Amino acid sequence: MRVTRVSRRAVLAGVAGVGMAGATARRARAADEIKIGAVFPLSGNAAAIGQDAKRALETMADIINGHHDIPMLLGQGGGLAGLGGAKVRLLFADSQNNPQIARSAAERFITQDGVVAIIGSYTSATAVTISQICNRYQIPYISADNSSPSLNKQGLEWFFRPSPTDVDFTQAMFDFFAAVGAKTGEKVQSVAIIHENSVFGTDSARLQASLAAAAGIKVLANISYQANIPSLAVEAERLRAADADVLMPSSYTSDAILLVRAMHDAGYKPRAIMAQDAGFIDPAFIAAVGPLADGVMSRSAFAIDAVKERPAIPAVNTLFRASGANKDLNDLTARELTALQVLGDALNRAKSTNNMALREALRATDIKGDQTIMPWAGVKFDDTGQNVKSNPVILQQQNGEWRAVFPFDIATAPPVWHIKR
Amino acid sequence: MSAAIIAQVAIGGLLMGLVYAVVAAGLSLIFGLMDVVNFAHGALLMVAMYATLVIHRMTGLDPLLQLPLVAVLLFGAGVGIYRVLIARTLKTRGNAAMVQIFTTFGLSIFLVGAVQFLFGSDFQSINGSVLGGRTVTIGAITLALPLVVSGGVALLVFLALALLSRTEFGRALEATREDFEAVALIGIDRDQVFGIGWGIGTASVGIAGVLLANFYYISPDVGTNFALIAYVAVALGGFGSIAGALIAGLAIGLVEALTALVIDPSLKQIGIFLIYLAVLMLRPRGLFGRL
């Protein structure tokens, strides 16, 4: 009996000892690893985008942690100097492109994994739920690739978006119409809008309609459809009947493929397509529709051919390709990568993983454009957490490649523009 | 709105409806066997599309010529699924229906996950097929050739299924479904008959997959878009009824297209579900159901 009691105490002491050792080990680990949560659609209808986002973030983490010596902010590597060379560690969660799943994934990251910030999330509908959860727990949400303008108008204190919003993007489209019209004499007189009916497409279409009205351009059709529908044949028929100068779609990849094929089947070739990014910029779209994509224009936050002004692009692109992506950086992956760079810079300056210190550092962010791979003037957040220095570009598919065609000073090719009747 | 546009949209909708109908026919057939919905049906459609893609990439064989090959492959897969999984679920005591639902649901998750693991999540497509991107023009009506051919093949599938029900095997299938213990007395093996029934059901969804691969994108998630419509078509046409699946598929295709044209494209699924609700209220067993 006595023997048993002693041995029990010994066992208890042993267990306590192991527990304490574990706790110490965890604290030691925490000092050299900064956990960052990333919520993206890794399965489901947007899985292709999410998987690429994962590789883009891993590429940036590799740049921060490793020793690649790339000419940009944090490009020298070796971890975060402000935190004693701490390494960035990414945790990924699959949102399945479902706002509710995205919300619980974000909550789990915060309450169980103790992440310092969350990056997400491709679709704006999932960003709404993630950003609200982050706000409740007072953890920064870095919106990497959500472009819906309503996101930074939610009155959230913990929302930061380095990329442009659809307001900036859409304004750039109409600036381009005006500029190219003045240059060539082929002015845009009418547009047809087609959009998927969740937050992204609806916000985008509303903006396009109001900016068109402001520019005195007629909207001949404004078609809303449900995403991932089996057929877009009737929509294509309606667009053919409208026969506007420029077709302006806001669609994710699956629908972009269907729409362009359906227009082809209906014998309709729009004089110009100006896409709101998303599916139209997905390499899978170009691969699927082949020559039908030629001449498609899209707004973008990134121009891969702007190498003269942004010397870091080739090295970063090589790393990204080698990460398993086997494709060039595009608008989305470049934005995801840059979001982690911006967060890394703030952590570096905060010199702490304390949430208040991190938010102050994010608010004080002031990065020059040439320190990134983006063609922007820089990164500086306003009161709503929106970057005020991110100026978009217009790209065009020319002979199977994306070329920057606007603004003219950074353009690498003249736009192909034939909207004359 | 001109008559030509209405005609074009209506015919396009009916052709798409025939594709829906083939997907639904396989589902209805399997339902007829077990009185349980096969939740892996959309995933099997997706598997057929990937099979077409892989064969096309490896051999360059045009999707249209692959029709018999993929149909046989999927027939084998169907028999295999029945033998390995479904036959066992039929032996469970109590709540066999639930066991079957979870088994097919699990199979669906497995297939989608396996395909994403093997082929990645990128949207893929078959470029340069004989039919791909071609159109036919009849008067003022222009139709996508892959869709026209798909409609024709779909009709042949229904003809074959109708003939099948008149054969000895068709009668054995029906009898086994009614009372497998009684037919065992006259020497009919339930597992053999049901296995072939599963094979035929998945072979028809396989044919739908090949047809879709001609003009549709291919991704691990692609089955979901069609599975929901197939479930509605089966419920609308009557559980277990092949003719019901055909009529319901056509009705869905037509209503979807006309709703999009006349009212609003974002409401096109609402048209389908309104009809579905109306049928449920007035005739709960579906148009051709015998329950």
# chains A, B, ... in the order shown; residues from 1 in each chain; ligands from 1
$ select_by_dssp --residues "segment 15-159 of chain A" --states "strand (DSSP E or B)" --output "list in words"
Glu33, Ile34, Lys35, Ile36, Gly37, Ala38, Val39, Phe40, Leu80, Ala86, Lys87, Val88, Arg89, Leu90, Leu91, Phe92, Ala93, Asp94, Ala117, Ile118, Ile119, Gly120, Tyr141, Ile142, Ser143 and Phe159 of chain A
$ write_last_selection --atoms "N, CA and C atoms" --output "CSV table (one decimal), in the first residue's frame"
chain,number,residue,atom,x,y,z
A,33,GLU,N,9.3,31.1,-33.9
A,33,GLU,CA,8.3,30.9,-34.9
A,33,GLU,C,7.0,31.7,-34.7
A,34,ILE,N,6.7,32.4,-35.8
A,34,ILE,CA,5.5,33.3,-35.7
A,34,ILE,C,4.4,32.6,-36.5
A,35,LYS,N,3.3,32.2,-35.8
A,35,LYS,CA,2.2,31.5,-36.5
A,35,LYS,C,1.3,32.5,-37.2
A,36,ILE,N,1.0,32.2,-38.5
A,36,ILE,CA,0.1,33.1,-39.2
A,36,ILE,C,-0.9,32.1,-39.9
A,37,GLY,N,-2.2,32.4,-39.7
A,37,GLY,CA,-3.3,31.6,-40.3
A,37,GLY,C,-3.6,32.0,-41.7
A,38,ALA,N,-3.9,31.1,-42.6
A,38,ALA,CA,-4.3,31.4,-43.9
A,38,ALA,C,-5.5,30.6,-44.2
A,39,VAL,N,-6.6,31.3,-44.5
A,39,VAL,CA,-7.9,30.6,-44.9
A,39,VAL,C,-8.2,30.8,-46.3
A,40,PHE,N,-8.2,29.7,-47.1
A,40,PHE,CA,-8.4,29.8,-48.5
A,40,PHE,C,-9.3,28.6,-49.0
A,80,LEU,N,12.6,37.3,-39.4
A,80,LEU,CA,12.2,38.7,-39.1
A,80,LEU,C,13.2,39.2,-38.1
A,86,ALA,N,13.1,35.6,-35.9
A,86,ALA,CA,12.1,34.6,-35.8
A,86,ALA,C,11.6,34.2,-37.2
A,87,LYS,N,11.2,32.9,-37.4
A,87,LYS,CA,10.7,32.4,-38.7
A,87,LYS,C,9.2,32.5,-38.7
A,88,VAL,N,8.7,32.7,-39.9
A,88,VAL,CA,7.3,32.8,-40.2
A,88,VAL,C,6.8,31.4,-40.4
A,89,ARG,N,5.7,31.0,-39.7
A,89,ARG,CA,5.1,29.6,-39.9
A,89,ARG,C,3.7,29.8,-40.3
A,90,LEU,N,3.4,29.3,-41.5
A,90,LEU,CA,2.0,29.4,-42.0
A,90,LEU,C,1.2,28.2,-41.7
A,91,LEU,N,-0.1,28.4,-41.2
A,91,LEU,CA,-1.0,27.4,-41.0
A,91,LEU,C,-2.1,27.6,-42.0
A,92,PHE,N,-2.6,26.5,-42.7
A,92,PHE,CA,-3.6,26.6,-43.7
A,92,PHE,C,-4.9,26.0,-43.3
A,93,ALA,N,-6.0,26.6,-43.6
A,93,ALA,CA,-7.3,26.0,-43.4
A,93,ALA,C,-8.1,26.1,-44.7
A,94,ASP,N,-8.9,25.0,-44.9
A,94,ASP,CA,-9.7,25.0,-46.1
A,94,ASP,C,-11.1,25.6,-45.8
A,117,ALA,N,-2.1,36.7,-36.8
A,117,ALA,CA,-2.9,37.3,-37.8
A,117,ALA,C,-3.4,36.3,-38.8
A,118,ILE,N,-4.5,36.7,-39.5
A,118,ILE,CA,-5.0,35.8,-40.5
A,118,ILE,C,-5.0,36.4,-41.9
A,119,ILE,N,-4.6,35.6,-42.9
A,119,ILE,CA,-4.6,36.1,-44.3
A,119,ILE,C,-5.7,35.3,-45.1
A,120,GLY,N,-6.4,36.0,-45.9
A,120,GLY,CA,-7.4,35.2,-46.7
A,120,GLY,C,-7.8,36.0,-48.0
A,141,TYR,N,-6.8,41.0,-39.7
A,141,TYR,CA,-7.1,40.2,-40.9
A,141,TYR,C,-6.5,41.0,-42.1
A,142,ILE,N,-5.6,40.3,-42.8
A,142,ILE,CA,-5.0,40.9,-44.0
A,142,ILE,C,-5.7,40.3,-45.2
A,143,SER,N,-6.5,41.2,-45.8
A,143,SER,CA,-7.2,40.8,-47.0
A,143,SER,C,-6.3,40.8,-48.2
A,159,PHE,N,-9.0,45.3,-39.9
A,159,PHE,CA,-9.0,44.9,-41.3
A,159,PHE,C,-8.0,45.7,-42.1
$ residues_around --residues "Phe39 of chain B" --least-positions-apart "6" --cutoff "7 Å" --atoms "only C-alpha atoms" --output "list in words"
Ile101, Thr104, Phe105 and Ser108 of chain B
$ atom_distance --atom1 "atom CA of Asp122 of chain B" --atom2 "atom CA of Ala25 of chain B"
28.9 Å
$ residues_around --residues "Trp198 of chain B" --least-positions-apart "6" --cutoff "9 Å" --atoms "only C-alpha atoms" --output "ChimeraX atom specification"
/B:26,29-30,33,75,77-82
$ residues_around --residues "segment 2-19 of chain B" --least-positions-apart "3" --cutoff "7 Å" --atoms "only C-alpha atoms" --output "list in words"
Val234 of chain A; Val22, Val23, Ala140, Ile141, Thr142, Leu143, Leu147, Val148, Ser150, Gly151, Ala154, Ala208, Leu246, Gly249, Leu250, Ala251, Ile252, Gly253, Leu254, Ala257 and Leu258 of chain B
$ write_last_selection --atoms "C-alpha atoms" --output "JSON list (two decimals), in the first residue's frame"
[["chain", "number", "residue", "atom", "x", "y", "z"],
["A", 234, "VAL", "CA", -29.06, 31.91, -72.71],
["B", 22, "VAL", "CA", -29.13, 10.78, -68.95],
["B", 23, "VAL", "CA", -27.48, 11.75, -65.66],
["B", 140, "ALA", "CA", -31.79, 31.38, -88.13],
["B", 141, "ILE", "CA", -30.94, 28.92, -85.38],
["B", 142, "THR", "CA", -27.32, 28.26, -84.36],
["B", 143, "LEU", "CA", -26.59, 25.37, -82.03],
["B", 147, "LEU", "CA", -24.76, 19.68, -77.60],
["B", 148, "VAL", "CA", -26.68, 18.43, -80.65],
["B", 150, "SER", "CA", -25.08, 14.80, -76.98],
["B", 151, "GLY", "CA", -28.84, 15.09, -77.37],
["B", 154, "ALA", "CA", -28.90, 10.67, -74.98],
["B", 208, "ALA", "CA", -23.16, 11.55, -69.84],
["B", 246, "LEU", "CA", -36.41, 11.67, -69.57],
["B", 249, "GLY", "CA", -34.81, 16.26, -67.68],
["B", 250, "LEU", "CA", -36.38, 17.80, -70.79],
["B", 251, "ALA", "CA", -38.76, 19.88, -68.68],
["B", 252, "ILE", "CA", -35.93, 21.17, -66.50],
["B", 253, "GLY", "CA", -33.78, 22.08, -69.50],
["B", 254, "LEU", "CA", -36.64, 23.92, -71.17],
["B", 257, "ALA", "CA", -33.66, 28.23, -70.56],
["B", 258, "LEU", "CA", -36.97, 30.02, -70.93]]
$ interface_residues --of "chain B" --to "chain A" --cutoff "7 Å" --atoms "only C-alpha atoms" --output "ChimeraX atom specification"
/B:9,121-125,133,135,142-144,221,225-226,257,260-261,265-266
$ write_last_selection --atoms "C-alpha atoms" --output "short mmCIF file (atom, residue, chain, number, x, y, z; two decimals), in the first residue's frame"
data_model
loop_
_atom_site.label_atom_id
_atom_site.label_comp_id
_atom_site.auth_asym_id
_atom_site.auth_seq_id
_atom_site.Cartn_x
_atom_site.Cartn_y
_atom_site.Cartn_z
CA VAL B 9 -33.02 29.09 -76.67
CA SER B 121 -7.76 21.11 -58.44
CA ASP B 122 -7.19 23.04 -61.68
CA PHE B 123 -10.00 23.34 -64.18
CA GLN B 124 -9.08 21.21 -67.16
CA SER B 125 -10.65 20.74 -70.53
CA GLY B 133 -16.23 24.55 -80.62
CA THR B 135 -21.71 24.94 -84.40
CA THR B 142 -27.32 28.26 -84.36
CA LEU B 143 -26.59 25.37 -82.03
CA ALA B 144 -23.39 24.03 -80.51
CA ASP B 221 -16.13 19.51 -58.13
CA ASN B 225 -23.54 21.12 -60.63
CA PHE B 226 -25.31 18.21 -62.31
CA ALA B 257 -33.66 28.23 -70.56
CA ALA B 260 -33.44 32.84 -68.14
CA LEU B 261 -34.60 34.34 -71.41
CA PRO B 265 -31.00 34.54 -65.74
CA SER B 266 -30.39 34.64 -61.99
#
$ select_by_dssp --residues "segment 49-183 of chain B" --states "helix (DSSP H, G or I)" --output "ChimeraX atom specification"
/B:49-59,63-90,96-119,145-166,168-178,180-183
$ closest_residue --among "A:Gln132, A:Gln371, A:Asn387, A:Gln398" --to "Gly75 of chain A" --atoms "only C-alpha atoms"
A:Gln371
$ closest_residue --among "A:Arg359, A:His68, A:Lys153, A:Arg240" --to "Val191 of chain A" --atoms "only C-alpha atoms"
A:Arg240
$ residues_around --residues "Asn348 of chain A" --least-positions-apart "5" --cutoff "8 Å" --atoms "only C-alpha atoms" --output "PyMOL selection string"
chain A and resi 80-83
$ write_last_selection --atoms "all heavy atoms" --output "PDB file, in the first residue's frame"
ATOM      1  N   LEU A  80      12.607  37.271 -39.382  1.00  0.00           N
ATOM      2  CA  LEU A  80      12.227  38.650 -39.089  1.00  0.00           C
ATOM      3  C   LEU A  80      13.228  39.248 -38.105  1.00  0.00           C
ATOM      4  O   LEU A  80      13.265  38.872 -36.927  1.00  0.00           O
ATOM      5  CB  LEU A  80      10.807  38.690 -38.510  1.00  0.00           C
ATOM      6  CG  LEU A  80       9.703  38.217 -39.467  1.00  0.00           C
ATOM      7  CD1 LEU A  80       8.386  38.053 -38.734  1.00  0.00           C
ATOM      8  CD2 LEU A  80       9.548  39.169 -40.638  1.00  0.00           C
ATOM      9  N   ALA A  81      14.032  40.198 -38.592  1.00  0.00           N
ATOM     10  CA  ALA A  81      15.107  40.765 -37.778  1.00  0.00           C
ATOM     11  C   ALA A  81      14.553  41.428 -36.514  1.00  0.00           C
ATOM     12  O   ALA A  81      15.137  41.313 -35.432  1.00  0.00           O
ATOM     13  CB  ALA A  81      15.898  41.772 -38.611  1.00  0.00           C
ATOM     14  N   GLY A  82      13.404  42.102 -36.639  1.00  0.00           N
ATOM     15  CA  GLY A  82      12.812  42.802 -35.503  1.00  0.00           C
ATOM     16  C   GLY A  82      12.387  41.855 -34.388  1.00  0.00           C
ATOM     17  O   GLY A  82      12.180  42.283 -33.250  1.00  0.00           O
ATOM     18  N   LEU A  83      12.235  40.581 -34.696  1.00  0.00           N
ATOM     19  CA  LEU A  83      11.837  39.594 -33.690  1.00  0.00           C
ATOM     20  C   LEU A  83      12.968  38.591 -33.471  1.00  0.00           C
ATOM     21  O   LEU A  83      12.730  37.393 -33.258  1.00  0.00           O
ATOM     22  CB  LEU A  83      10.555  38.884 -34.129  1.00  0.00           C
ATOM     23  CG  LEU A  83       9.290  39.748 -34.038  1.00  0.00           C
ATOM     24  CD1 LEU A  83       8.191  39.219 -34.938  1.00  0.00           C
ATOM     25  CD2 LEU A  83       8.795  39.816 -32.603  1.00  0.00           C
TER      26      LEU A  83
END
$ closest_residue --among "B:Ile86, B:Val112, B:Leu27, B:Leu53" --to "Val222 of chain B" --atoms "only C-alpha atoms"
B:Val112
$ residues_around --residues "Ile133 of chain A" --least-positions-apart "5" --cutoff "12 Å" --atoms "only C-alpha atoms" --output "list in words"
Pro99, Gln100, Ala102, Arg103, Ser104, Ala105, Ala106, Glu107, Arg108, Phe109, Ile110, Thr111, Ala117, Ile118, Thr126, Ala127, Val128, Gln138, Ile139, Pro140, Tyr141, Leu156, Glu157, Trp158 and Phe159 of chain A
$ write_last_selection --atoms "N, CA and C atoms" --output "compact mmCIF listing (two decimals), in the first residue's frame"
# COMPACT_ATOMS: atom_id res chain seq x y z
N PRO A 99 -18.73 30.59 -46.54
CA PRO A 99 -18.53 31.60 -45.49
C PRO A 99 -18.59 31.03 -44.07
N GLN A 100 -19.48 30.06 -43.84
CA GLN A 100 -19.61 29.52 -42.48
C GLN A 100 -18.38 28.70 -42.09
N ALA A 102 -15.45 29.08 -43.37
CA ALA A 102 -14.35 30.04 -43.26
C ALA A 102 -14.34 30.67 -41.87
N ARG A 103 -15.54 31.00 -41.37
CA ARG A 103 -15.65 31.61 -40.06
C ARG A 103 -15.11 30.67 -38.96
N SER A 104 -15.53 29.41 -39.01
CA SER A 104 -15.09 28.51 -37.93
C SER A 104 -13.60 28.20 -38.06
N ALA A 105 -13.09 28.15 -39.29
CA ALA A 105 -11.65 27.92 -39.47
C ALA A 105 -10.85 29.07 -38.85
N ALA A 106 -11.32 30.31 -39.08
CA ALA A 106 -10.63 31.48 -38.54
C ALA A 106 -10.68 31.46 -37.01
N GLU A 107 -11.84 31.10 -36.48
CA GLU A 107 -12.00 31.08 -35.02
C GLU A 107 -11.07 30.04 -34.40
N ARG A 108 -10.97 28.88 -35.06
CA ARG A 108 -10.09 27.83 -34.55
C ARG A 108 -8.63 28.29 -34.56
N PHE A 109 -8.24 28.98 -35.62
CA PHE A 109 -6.88 29.50 -35.71
C PHE A 109 -6.57 30.41 -34.52
N ILE A 110 -7.54 31.27 -34.19
CA ILE A 110 -7.30 32.26 -33.14
C ILE A 110 -7.31 31.62 -31.76
N THR A 111 -8.36 30.81 -31.49
CA THR A 111 -8.53 30.31 -30.13
C THR A 111 -7.67 29.10 -29.83
N ALA A 117 -2.09 36.67 -36.82
CA ALA A 117 -2.91 37.35 -37.82
C ALA A 117 -3.44 36.29 -38.79
N ILE A 118 -4.47 36.68 -39.55
CA ILE A 118 -5.02 35.76 -40.55
C ILE A 118 -4.98 36.44 -41.92
N THR A 126 -16.46 34.99 -48.20
CA THR A 126 -15.78 34.37 -47.06
C THR A 126 -15.02 35.43 -46.26
N ALA A 127 -14.54 36.48 -46.94
CA ALA A 127 -13.80 37.53 -46.23
C ALA A 127 -14.69 38.24 -45.22
N VAL A 128 -15.98 38.35 -45.53
CA VAL A 128 -16.90 39.02 -44.61
C VAL A 128 -16.90 38.30 -43.27
N GLN A 138 -9.89 40.63 -31.93
CA GLN A 138 -8.82 41.64 -32.02
C GLN A 138 -7.52 41.06 -32.57
N ILE A 139 -7.65 40.47 -33.74
CA ILE A 139 -6.51 39.90 -34.45
C ILE A 139 -6.58 40.49 -35.87
N PRO A 140 -5.46 40.98 -36.41
CA PRO A 140 -5.54 41.58 -37.74
C PRO A 140 -5.95 40.57 -38.82
N TYR A 141 -6.83 40.99 -39.72
CA TYR A 141 -7.14 40.23 -40.92
C TYR A 141 -6.50 40.95 -42.11
N LEU A 156 -14.61 47.94 -39.34
CA LEU A 156 -13.77 47.02 -38.58
C LEU A 156 -12.43 47.69 -38.25
N GLU A 157 -11.95 47.40 -37.04
CA GLU A 157 -10.70 48.03 -36.57
C GLU A 157 -9.48 47.18 -36.91
N TRP A 158 -9.72 45.96 -37.37
CA TRP A 158 -8.61 45.02 -37.53
C TRP A 158 -8.51 44.53 -38.97
N PHE A 159 -9.02 45.32 -39.90
CA PHE A 159 -9.04 44.94 -41.31
C PHE A 159 -7.97 45.73 -42.07
$ residues_around --residues "Val37 of chain B" --least-positions-apart "4" --cutoff "12 Å" --atoms "only C-alpha atoms" --output "list in words"
Ala24, Gly26, Leu27, Ser28, Leu29, Ile30, Phe31, Gly32, Leu33, His41, Gly42, Ala97, Met98, Val99, Gln100, Ile101, Phe102, Thr103, Thr104, Phe105, Ala227, Leu228, Ala230, Tyr231, Val232, Val234, Ala235, Phe239 and Gly240 of chain B
$ closest_residue --among "B:Ala278, B:Val193, B:Ala160, B:Ala87" --to "Ala172 of chain B" --atoms "only C-alpha atoms"
B:Val193
$ decode --residues "segment 207-228 of chain A" --atoms "N, CA, C and O atoms" --output "compact mmCIF listing (two decimals), in the first residue's frame"
# COMPACT_ATOMS: atom_id res chain seq x y z
N LEU A 207 -21.00 49.00 -59.39
CA LEU A 207 -19.99 50.02 -59.63
C LEU A 207 -19.85 50.34 -61.10
O LEU A 207 -19.77 51.50 -61.52
N GLN A 208 -19.78 49.27 -61.90
CA GLN A 208 -19.60 49.47 -63.34
C GLN A 208 -20.76 50.27 -63.90
O GLN A 208 -20.56 51.17 -64.71
N ALA A 209 -21.98 49.94 -63.45
CA ALA A 209 -23.14 50.66 -63.96
C ALA A 209 -23.08 52.14 -63.58
O ALA A 209 -23.37 53.02 -64.39
N SER A 210 -22.65 52.41 -62.32
CA SER A 210 -22.66 53.82 -61.91
C SER A 210 -21.51 54.59 -62.57
O SER A 210 -21.68 55.74 -62.97
N LEU A 211 -20.35 53.94 -62.74
CA LEU A 211 -19.25 54.63 -63.41
C LEU A 211 -19.54 54.83 -64.90
O LEU A 211 -19.13 55.83 -65.49
N ALA A 212 -20.26 53.88 -65.49
CA ALA A 212 -20.64 54.02 -66.90
C ALA A 212 -21.56 55.23 -67.05
O ALA A 212 -21.39 56.06 -67.95
N ALA A 213 -22.53 55.34 -66.14
CA ALA A 213 -23.46 56.46 -66.19
C ALA A 213 -22.69 57.78 -66.05
O ALA A 213 -22.93 58.74 -66.79
N ALA A 214 -21.72 57.80 -65.12
CA ALA A 214 -20.94 59.02 -64.90
C ALA A 214 -20.13 59.38 -66.14
O ALA A 214 -19.89 60.56 -66.41
N ALA A 215 -19.71 58.37 -66.90
CA ALA A 215 -18.89 58.63 -68.08
C ALA A 215 -19.75 58.82 -69.33
O ALA A 215 -19.22 58.95 -70.44
N GLY A 216 -21.07 58.79 -69.18
CA GLY A 216 -21.96 58.95 -70.32
C GLY A 216 -21.97 57.76 -71.26
O GLY A 216 -22.19 57.89 -72.46
N ILE A 217 -21.70 56.57 -70.70
CA ILE A 217 -21.69 55.34 -71.52
C ILE A 217 -22.97 54.56 -71.23
O ILE A 217 -23.34 54.37 -70.07
N LYS A 218 -23.64 54.11 -72.30
CA LYS A 218 -24.90 53.38 -72.13
C LYS A 218 -24.66 51.95 -71.66
O LYS A 218 -23.75 51.27 -72.15
N VAL A 219 -25.47 51.47 -70.71
CA VAL A 219 -25.42 50.07 -70.29
C VAL A 219 -26.54 49.33 -71.01
O VAL A 219 -27.71 49.49 -70.70
N LEU A 220 -26.18 48.54 -72.04
CA LEU A 220 -27.20 47.90 -72.87
C LEU A 220 -27.75 46.62 -72.26
O LEU A 220 -28.81 46.15 -72.63
N ALA A 221 -26.99 46.00 -71.34
CA ALA A 221 -27.49 44.81 -70.65
C ALA A 221 -26.79 44.74 -69.31
O ALA A 221 -25.64 45.14 -69.19
N ASN A 222 -27.51 44.28 -68.30
CA ASN A 222 -26.91 44.08 -66.99
C ASN A 222 -27.46 42.76 -66.45
O ASN A 222 -28.53 42.70 -65.88
N ILE A 223 -26.71 41.68 -66.70
CA ILE A 223 -27.22 40.33 -66.46
C ILE A 223 -26.57 39.73 -65.23
O ILE A 223 -25.35 39.70 -65.10
N SER A 224 -27.43 39.24 -64.34
CA SER A 224 -26.94 38.58 -63.14
C SER A 224 -27.21 37.09 -63.28
O SER A 224 -28.27 36.69 -63.74
N TYR A 225 -26.26 36.24 -62.91
CA TYR A 225 -26.51 34.79 -62.98
C TYR A 225 -25.95 34.14 -61.73
O TYR A 225 -25.10 34.70 -61.04
N GLN A 226 -26.44 32.93 -61.47
CA GLN A 226 -25.99 32.19 -60.30
C GLN A 226 -24.70 31.45 -60.63
O GLN A 226 -24.62 30.76 -61.64
N ALA A 227 -23.69 31.58 -59.77
CA ALA A 227 -22.39 30.97 -60.05
C ALA A 227 -22.50 29.45 -60.12
O ALA A 227 -23.38 28.85 -59.50
N ASN A 228 -21.61 28.83 -60.89
CA ASN A 228 -21.56 27.37 -61.05
C ASN A 228 -22.83 26.75 -61.61
O ASN A 228 -23.22 25.66 -61.25
